$ cat target-v2.pdb   # PDB, C-alpha atoms, pLDDT in the B column
ATOM      1  CA  MET A  12     -41.539  -0.494  21.959  1.00 66.00           C
ATOM      2  CA  THR A  13     -39.902  -0.107  18.557  1.00 72.00           C
ATOM      3  CA  VAL A  14     -36.145  -0.240  18.206  1.00 72.00           C
ATOM      4  CA  SER A  15     -34.779   1.630  15.230  1.00 80.00           C
ATOM      5  CA  ALA A  16     -31.804   0.449  13.247  1.00 83.00           C
ATOM      6  CA  VAL A  17     -28.613   2.438  13.440  1.00 82.00           C
ATOM      7  CA  ASP A  18     -27.247   3.594  10.108  1.00 82.00           C
ATOM      8  CA  PHE A  19     -23.570   2.689  10.306  1.00 78.00           C
ATOM      9  CA  THR A  20     -22.703   3.968   6.821  1.00 79.00           C
ATOM     10  CA  GLU A  21     -20.905   7.109   7.927  1.00 79.00           C
ATOM     11  CA  TRP A  22     -18.655   5.095  10.268  1.00 81.00           C
ATOM     12  CA  ALA A  23     -17.736   2.384   7.792  1.00 82.00           C
ATOM     13  CA  ALA A  24     -14.382   2.552   6.025  1.00 87.00           C
ATOM     14  CA  PRO A  25     -14.883   3.968   2.539  1.00 90.00           C
ATOM     15  CA  ASP A  26     -13.419   2.435  -0.602  1.00 93.00           C
ATOM     16  CA  LEU A  27      -9.992   3.560  -1.741  1.00 95.00           C
ATOM     17  CA  GLU A  28     -10.530   5.266  -5.084  1.00 94.00           C
ATOM     18  CA  LEU A  29      -7.603   5.213  -7.511  1.00 92.00           C
ATOM     19  CA  THR A  30      -7.875   7.213 -10.726  1.00 91.00           C
ATOM     20  CA  PHE A  31      -5.811   6.498 -13.849  1.00 89.00           C
ATOM     21  CA  GLY A  32      -6.427   8.039 -17.245  1.00 87.00           C
ATOM     22  CA  GLY A  33      -9.797   9.452 -16.278  1.00 90.00           C
ATOM     23  CA  ARG A  34     -11.139   6.147 -14.921  1.00 93.00           C
ATOM     24  CA  THR A  35     -11.623   5.469 -11.218  1.00 94.00           C
ATOM     25  CA  TYR A  36     -11.012   2.041  -9.695  1.00 95.00           C
ATOM     26  CA  ALA A  37     -12.501   1.353  -6.271  1.00 95.00           C
ATOM     27  CA  ALA A  38     -10.641  -0.930  -3.888  1.00 96.00           C
ATOM     28  CA  ARG A  39     -12.923  -2.041  -1.101  1.00 96.00           C
ATOM     29  CA  PRO A  40     -11.518  -2.183   2.435  1.00 96.00           C
ATOM     30  CA  PRO A  41      -9.853  -5.546   3.085  1.00 96.00           C
ATOM     31  CA  SER A  42     -11.782  -8.277   4.879  1.00 95.00           C
ATOM     32  CA  VAL A  43     -10.561  -9.384   8.294  1.00 93.00           C
ATOM     33  CA  ASP A  44      -8.663 -12.284   6.698  1.00 93.00           C
ATOM     34  CA  ASP A  45      -7.170 -10.088   3.986  1.00 96.00           C
ATOM     35  CA  MET A  46      -6.148  -7.413   6.492  1.00 96.00           C
ATOM     36  CA  SER A  47      -3.655  -9.785   8.110  1.00 96.00           C
ATOM     37  CA  LYS A  48      -2.139 -10.273   4.648  1.00 97.00           C
ATOM     38  CA  VAL A  49      -2.064  -6.520   4.030  1.00 97.00           C
ATOM     39  CA  LEU A  50      -0.258  -5.929   7.331  1.00 97.00           C
ATOM     40  CA  ALA A  51       2.276  -8.664   6.516  1.00 97.00           C
ATOM     41  CA  LEU A  52       2.814  -7.126   3.062  1.00 96.00           C
ATOM     42  CA  ALA A  53       3.387  -3.724   4.694  1.00 96.00           C
ATOM     43  CA  VAL A  54       6.072  -5.186   6.950  1.00 95.00           C
ATOM     44  CA  ARG A  55       7.779  -6.844   3.986  1.00 94.00           C
ATOM     45  CA  GLY A  56       7.490  -3.630   1.956  1.00 91.00           C
ATOM     46  CA  GLU A  57       9.105  -1.524   4.681  1.00 90.00           C
ATOM     47  CA  VAL A  58      11.964  -4.023   4.981  1.00 90.00           C
ATOM     48  CA  ASN A  59      12.428  -4.291   1.198  1.00 85.00           C
ATOM     49  CA  LEU A  60      12.386  -0.514   0.754  1.00 83.00           C
ATOM     50  CA  GLY A  61      14.918  -0.059   3.573  1.00 82.00           C
ATOM     51  CA  ILE A  62      12.563   1.962   5.750  1.00 84.00           C
ATOM     52  CA  VAL A  63      13.085  -0.586   8.505  1.00 85.00           C
ATOM     53  CA  SER A  64      16.600  -1.946   8.493  1.00 81.00           C
ATOM     54  CA  GLY A  65      18.599  -4.511  10.387  1.00 85.00           C
ATOM     55  CA  VAL A  66      15.656  -6.822  10.977  1.00 86.00           C
ATOM     56  CA  GLU A  67      14.517 -10.120   9.566  1.00 90.00           C
ATOM     57  CA  ILE A  68      10.840 -10.615   8.834  1.00 93.00           C
ATOM     58  CA  PRO A  69       9.525 -12.675  11.790  1.00 93.00           C
ATOM     59  CA  GLU A  70       8.415 -16.254  11.102  1.00 95.00           C
ATOM     60  CA  PRO A  71       4.702 -15.621  11.881  1.00 95.00           C
ATOM     61  CA  ILE A  72       4.666 -12.827   9.303  1.00 96.00           C
ATOM     62  CA  GLN A  73       6.499 -15.027   6.788  1.00 96.00           C
ATOM     63  CA  GLU A  74       3.782 -17.659   7.301  1.00 96.00           C
ATOM     64  CA  VAL A  75       1.087 -15.110   6.509  1.00 96.00           C
ATOM     65  CA  LEU A  76       3.026 -14.029   3.408  1.00 96.00           C
ATOM     66  CA  ALA A  77       3.347 -17.665   2.324  1.00 96.00           C
ATOM     67  CA  SER A  78      -0.439 -18.035   2.576  1.00 96.00           C
ATOM     68  CA  ILE A  79      -0.950 -15.453  -0.186  1.00 95.00           C
ATOM     69  CA  LYS A  80      -1.724 -17.483  -3.275  1.00 93.00           C
ATOM     70  CA  PRO A  81      -1.322 -16.516  -6.928  1.00 89.00           C
ATOM     71  CA  GLY A  82      -4.350 -14.459  -7.841  1.00 88.00           C
ATOM     72  CA  ASP A  83      -4.790 -13.098  -4.293  1.00 93.00           C
ATOM     73  CA  HIS A  84      -4.757  -9.324  -4.198  1.00 95.00           C
ATOM     74  CA  PRO A  85      -5.645  -8.461  -0.594  1.00 96.00           C
ATOM     75  CA  ALA A  86      -5.070  -4.704  -0.868  1.00 97.00           C
ATOM     76  CA  LEU A  87      -6.680  -4.059  -4.267  1.00 96.00           C
ATOM     77  CA  GLY A  88      -9.222  -6.871  -4.431  1.00 96.00           C
ATOM     78  CA  GLN A  89     -11.429  -6.728  -7.515  1.00 96.00           C
ATOM     79  CA  ALA A  90      -9.827  -3.425  -8.543  1.00 96.00           C
ATOM     80  CA  PHE A  91      -6.721  -5.428  -9.549  1.00 96.00           C
ATOM     81  CA  TYR A  92      -8.714  -7.341 -12.166  1.00 96.00           C
ATOM     82  CA  GLU A  93     -10.446  -4.188 -13.396  1.00 96.00           C
ATOM     83  CA  MET A  94      -7.064  -2.480 -13.845  1.00 95.00           C
ATOM     84  CA  ARG A  95      -5.624  -5.519 -15.619  1.00 95.00           C
ATOM     85  CA  ASP A  96      -8.649  -5.827 -17.908  1.00 96.00           C
ATOM     86  CA  ALA A  97      -8.406  -2.113 -18.736  1.00 95.00           C
ATOM     87  CA  GLY A  98      -4.880  -2.704 -19.991  1.00 95.00           C
ATOM     88  CA  LEU A  99      -2.925  -0.841 -17.313  1.00 93.00           C
ATOM     89  CA  SER A 100       0.737  -1.787 -17.238  1.00 91.00           C
ATOM     90  CA  ALA A 101       2.082  -4.232 -14.684  1.00 91.00           C
ATOM     91  CA  ALA A 102       4.256  -1.451 -13.234  1.00 87.00           C
ATOM     92  CA  THR A 103       1.244   0.830 -12.742  1.00 88.00           C
ATOM     93  CA  ILE A 104      -0.791  -1.914 -11.078  1.00 92.00           C
ATOM     94  CA  ASP A 105       2.197  -2.825  -8.895  1.00 89.00           C
ATOM     95  CA  ARG A 106       2.512   0.799  -7.731  1.00 88.00           C
ATOM     96  CA  ALA A 107      -1.234   0.948  -7.072  1.00 92.00           C
ATOM     97  CA  ALA A 108      -0.944  -2.238  -5.007  1.00 93.00           C
ATOM     98  CA  TYR A 109       1.967  -0.816  -3.004  1.00 90.00           C
ATOM     99  CA  TYR A 110      -0.047   2.347  -2.371  1.00 93.00           C
ATOM    100  CA  ALA A 111      -3.113   0.340  -1.341  1.00 96.00           C
ATOM    101  CA  VAL A 112      -1.090  -1.849   1.043  1.00 96.00           C
ATOM    102  CA  PHE A 113       0.270   1.176   2.881  1.00 95.00           C
ATOM    103  CA  TYR A 114      -3.040   3.055   2.674  1.00 95.00           C
ATOM    104  CA  TRP A 115      -4.882   0.243   4.461  1.00 97.00           C
ATOM    105  CA  ALA A 116      -2.019  -0.610   6.848  1.00 96.00           C
ATOM    106  CA  ARG A 117      -0.727   2.831   7.831  1.00 94.00           C
ATOM    107  CA  GLY A 118      -3.155   5.426   6.500  1.00 93.00           C
ATOM    108  CA  LYS A 119      -3.414   7.923   3.674  1.00 91.00           C
ATOM    109  CA  ALA A 120      -0.649  10.301   4.810  1.00 91.00           C
ATOM    110  CA  TYR A 121       1.894   7.487   4.978  1.00 91.00           C
ATOM    111  CA  ALA A 122       0.827   6.018   1.628  1.00 91.00           C
ATOM    112  CA  ASP A 123       0.968   9.484   0.049  1.00 89.00           C
ATOM    113  CA  ALA A 124       4.466  10.078   1.447  1.00 87.00           C
ATOM    114  CA  LEU A 125       5.753   6.756   0.110  1.00 87.00           C
ATOM    115  CA  ALA A 126       4.129   7.394  -3.264  1.00 85.00           C
ATOM    116  CA  ALA A 127       5.871  10.758  -3.426  1.00 82.00           C
ATOM    117  CA  LEU A 128       9.186   9.174  -2.510  1.00 78.00           C
ATOM    118  CA  LEU A 129       8.872   6.362  -5.013  1.00 75.00           C
ATOM    119  CA  GLY A 130       7.701   8.698  -7.738  1.00 68.00           C
ATOM    120  CA  LEU A 131       9.930  11.702  -7.255  1.00 44.00           C
ATOM    121  CA  LEU A 132      13.187  10.402  -5.809  1.00 39.00           C
ATOM    122  CA  ALA A 133      15.767   8.130  -7.389  1.00 35.00           C
ATOM    123  CA  VAL A 134      14.346   4.631  -7.320  1.00 39.00           C
ATOM    124  CA  GLU A 135      15.688   1.461  -8.883  1.00 42.00           C
ATOM    125  CA  THR A 136      12.889  -1.006  -9.548  1.00 41.00           C
ATOM    126  CA  ARG A 137      14.842  -3.728 -11.335  1.00 41.00           C
ATOM    127  CA  GLY A 138      15.201  -7.034  -9.572  1.00 43.00           C
ATOM    128  CA  PRO A 139      13.235  -8.483  -6.685  1.00 46.00           C
ATOM    129  CA  ARG A 140      13.744  -5.512  -4.360  1.00 48.00           C
ATOM    130  CA  ALA A 141      13.184  -1.827  -4.984  1.00 47.00           C
ATOM    131  CA  ARG A 142      15.887   0.374  -3.485  1.00 48.00           C
ATOM    132  CA  VAL A 143      15.582   3.982  -2.539  1.00 47.00           C
ATOM    133  CA  THR A 144      18.241   6.535  -1.756  1.00 50.00           C
ATOM    134  CA  PRO A 145      19.289   7.027   1.896  1.00 52.00           C
ATOM    135  CA  GLN A 146      17.575  10.421   1.804  1.00 53.00           C
ATOM    136  CA  ALA A 147      14.313   8.755   0.797  1.00 54.00           C
ATOM    137  CA  VAL A 148      14.588   6.368   3.734  1.00 54.00           C
ATOM    138  CA  VAL A 149      14.978   9.283   6.158  1.00 58.00           C
ATOM    139  CA  LEU A 150      11.958  11.030   4.648  1.00 57.00           C
ATOM    140  CA  ALA A 151       9.859   7.854   4.771  1.00 58.00           C
ATOM    141  CA  GLN A 152      10.776   7.370   8.427  1.00 58.00           C
ATOM    142  CA  LYS A 153       9.685  10.936   9.152  1.00 61.00           C
ATOM    143  CA  ALA A 154       6.412  10.273   7.343  1.00 58.00           C
ATOM    144  CA  ARG A 155       5.924   7.047   9.313  1.00 56.00           C
ATOM    145  CA  ASP A 156       6.481   8.950  12.541  1.00 60.00           C
ATOM    146  CA  GLY A 157       3.707  11.415  11.764  1.00 55.00           C
ATOM    147  CA  GLY A 158       5.281  13.878   9.369  1.00 49.00           C
ATOM    148  CA  GLY A 159       3.035  12.905   6.461  1.00 42.00           C
ATOM    149  CA  LEU A 160       3.607  14.697   3.178  1.00 38.00           C
ATOM    150  CA  GLY A 161       4.801  17.773   5.038  1.00 38.00           C
ATOM    151  CA  ALA A 162       7.987  15.853   5.843  1.00 36.00           C
ATOM    152  CA  VAL A 163       8.607  15.133   2.182  1.00 35.00           C
ATOM    153  CA  ARG A 164      10.444  17.714   0.104  1.00 34.00           C
ATOM    154  CA  HIS A 165       9.476  17.114  -3.497  1.00 32.00           C
ATOM    155  CA  ARG A 166      12.543  16.892  -5.676  1.00 30.00           C
ATOM    156  CA  ARG A 167      12.616  15.721  -9.251  1.00 29.00           C
ATOM    157  CA  THR A 168      15.603  13.656 -10.316  1.00 29.00           C
TER     158      THR A 168
END
$ encode --input "target-v2.pdb" --output "structure tokens"
Amino acid sequence: MTVSAVDFTEWAAPDLELTFGGRTYAARPPSVDDMSKVLALAVRGEVNLGIVSGVEIPEPIQEVLASIKPGDHPALGQAFYEMRDAGLSAATIDRAAYYAVFYWARGKAYADALAALLGLLAVETRGPRARVTPQAVVLAQKARDGGGLGAVRHRRT
């Protein structure tokens, strides 16, 4: 009796492809170890952006965040180094990392909604914490709760 191998390719998580200036950078799905870091980064990001308010980041999550060492890029992986070597700005790479964190942690619709909010609504990115307008927080919460991009009204400021 011969047992055939099962081709698992179509079930595997595909790479996240990010295109800048005509070049595509592929971020592989995080490893099991890196995924815990990505989830912790997502929690911190939602708190820092004001999407989740009135809470402190729990100690176990802070411990995971503290385990992220300089040079670790759990959401972008090797794509971080490719972007850096291609000369992309720190701000562009930072935005790509934010997108990747939320893409892996919450899904494409949520990451797209946050990208739209951060790109099209009034955002202050100076200092250690980005701040968004109260309207952006409401829209991000709607996106988190399943509204996706349909919940976001594009508005240029």
$ residues_near_point --input "target-v2.pdb" --point "(-12.3, -2.0, 4.6)" --cutoff "8 Å" --atoms "all atoms listed in the file" --output "CSV table (one decimal) with C-alpha atoms, in the coordinates of the input"
chain,number,residue,atom,x,y,z
A,23,ALA,CA,-17.7,2.4,7.8
A,24,ALA,CA,-14.4,2.6,6.0
A,25,PRO,CA,-14.9,4.0,2.5
A,26,ASP,CA,-13.4,2.4,-0.6
A,39,ARG,CA,-12.9,-2.0,-1.1
A,40,PRO,CA,-11.5,-2.2,2.4
A,41,PRO,CA,-9.9,-5.5,3.1
A,42,SER,CA,-11.8,-8.3,4.9
A,115,TRP,CA,-4.9,0.2,4.5
$ atom_distance --input "target-v2.pdb" --atom1 "atom CA of Ala124 of chain A" --atom2 "atom CA of Gln73 of chain A"
25.7 Å
$ closest_atom_pairs --input "target-v2.pdb" --of "segment 17-74 of chain A" --to "segment 80-97 of chain A" --cutoff "10 Å" --atoms "all atoms listed in the file" --output "JSON lines"
{"residue": "A:Leu27", "atom": "CA", "partner": "A:Leu87", "partner_atom": "CA", "distance": 8.7}
{"residue": "A:Glu28", "atom": "CA", "partner": "A:Ala90", "partner_atom": "CA", "distance": 9.4}
{"residue": "A:Leu29", "atom": "CA", "partner": "A:Ala90", "partner_atom": "CA", "distance": 9.0}
{"residue": "A:Phe31", "atom": "CA", "partner": "A:Met94", "partner_atom": "CA", "distance": 9.1}
{"residue": "A:Arg34", "atom": "CA", "partner": "A:Ala97", "partner_atom": "CA", "distance": 9.5}
{"residue": "A:Thr35", "atom": "CA", "partner": "A:Ala90", "partner_atom": "CA", "distance": 9.5}
{"residue": "A:Tyr36", "atom": "CA", "partner": "A:Ala90", "partner_atom": "CA", "distance": 5.7}
{"residue": "A:Ala37", "atom": "CA", "partner": "A:Ala90", "partner_atom": "CA", "distance": 5.9}
{"residue": "A:Ala38", "atom": "CA", "partner": "A:Leu87", "partner_atom": "CA", "distance": 5.1}
{"residue": "A:Arg39", "atom": "CA", "partner": "A:Gly88", "partner_atom": "CA", "distance": 6.9}
{"residue": "A:Pro40", "atom": "CA", "partner": "A:Ala86", "partner_atom": "CA", "distance": 7.7}
{"residue": "A:Pro41", "atom": "CA", "partner": "A:Ala86", "partner_atom": "CA", "distance": 6.3}
{"residue": "A:Ser42", "atom": "CA", "partner": "A:Pro85", "partner_atom": "CA", "distance": 8.2}
{"residue": "A:Asp44", "atom": "CA", "partner": "A:Pro85", "partner_atom": "CA", "distance": 8.8}
{"residue": "A:Asp45", "atom": "CA", "partner": "A:Pro85", "partner_atom": "CA", "distance": 5.1}
{"residue": "A:Met46", "atom": "CA", "partner": "A:Pro85", "partner_atom": "CA", "distance": 7.2}
{"residue": "A:Ser47", "atom": "CA", "partner": "A:Pro85", "partner_atom": "CA", "distance": 9.0}
{"residue": "A:Lys48", "atom": "CA", "partner": "A:Pro85", "partner_atom": "CA", "distance": 6.6}
{"residue": "A:Val49", "atom": "CA", "partner": "A:Ala86", "partner_atom": "CA", "distance": 6.0}
{"residue": "A:Leu50", "atom": "CA", "partner": "A:Ala86", "partner_atom": "CA", "distance": 9.6}
{"residue": "A:Leu52", "atom": "CA", "partner": "A:Ala86", "partner_atom": "CA", "distance": 9.1}
$ write_last_selection --input "target-v2.pdb" --atoms "C-alpha atoms" --output "compact mmCIF listing (two decimals), in the coordinates of the input"
# COMPACT_ATOMS: atom_id res chain seq x y z
CA LEU A 27 -9.99 3.56 -1.74
CA GLU A 28 -10.53 5.27 -5.08
CA LEU A 29 -7.60 5.21 -7.51
CA PHE A 31 -5.81 6.50 -13.85
CA ARG A 34 -11.14 6.15 -14.92
CA THR A 35 -11.62 5.47 -11.22
CA TYR A 36 -11.01 2.04 -9.70
CA ALA A 37 -12.50 1.35 -6.27
CA ALA A 38 -10.64 -0.93 -3.89
CA ARG A 39 -12.92 -2.04 -1.10
CA PRO A 40 -11.52 -2.18 2.44
CA PRO A 41 -9.85 -5.55 3.08
CA SER A 42 -11.78 -8.28 4.88
CA ASP A 44 -8.66 -12.28 6.70
CA ASP A 45 -7.17 -10.09 3.99
CA MET A 46 -6.15 -7.41 6.49
CA SER A 47 -3.66 -9.78 8.11
CA LYS A 48 -2.14 -10.27 4.65
CA VAL A 49 -2.06 -6.52 4.03
CA LEU A 50 -0.26 -5.93 7.33
CA LEU A 52 2.81 -7.13 3.06
$ atom_distance --input "target-v2.pdb" --atom1 "atom CA of Thr30 of chain A" --atom2 "atom CA of Ile62 of chain A"
26.8 Å
$ closest_residue --input "target-v2.pdb" --among "A:Ala116, A:Val66, A:Ala108, A:Leu99" --to "Ala53 of chain A" --atoms "only C-alpha atoms"
A:Ala116
$ atom_distance --input "target-v2.pdb" --atom1 "atom CA of Glu70 of chain A" --atom2 "atom CA of Tyr114 of chain A"
24.0 Å
$ closest_residue --input "target-v2.pdb" --among "A:Ala77, A:Val63, A:Gly56, A:Ala51" --to "Tyr110 of chain A" --atoms "all atoms listed in the file"
A:Gly56
$ closest_residue --input "target-v2.pdb" --among "A:Phe19, A:Val54, A:Leu128, A:Ser100" --to "Ile68 of chain A" --atoms "only C-alpha atoms"
A:Val54
$ closest_residue --input "target-v2.pdb" --among "A:Glu67, A:Tyr109, A:Gly61, A:Ala102" --to "Asp123 of chain A" --atoms "all atoms listed in the file"
A:Tyr109
$ axis_aligned_box --input "target-v2.pdb" --around "segment 26-45 of chain A" --padding-each-side "8 Å" --output "JSON"
{"center_x": -9.6, "center_y": -1.4, "center_z": -4.5, "size_x": 23.6, "size_y": 37.7, "size_z": 41.5}
$ closest_residue --input "target-v2.pdb" --among "A:Thr13, A:Leu76, A:Gly98, A:Leu125" --to "Ala111 of chain A" --atoms "only C-alpha atoms"
A:Leu125
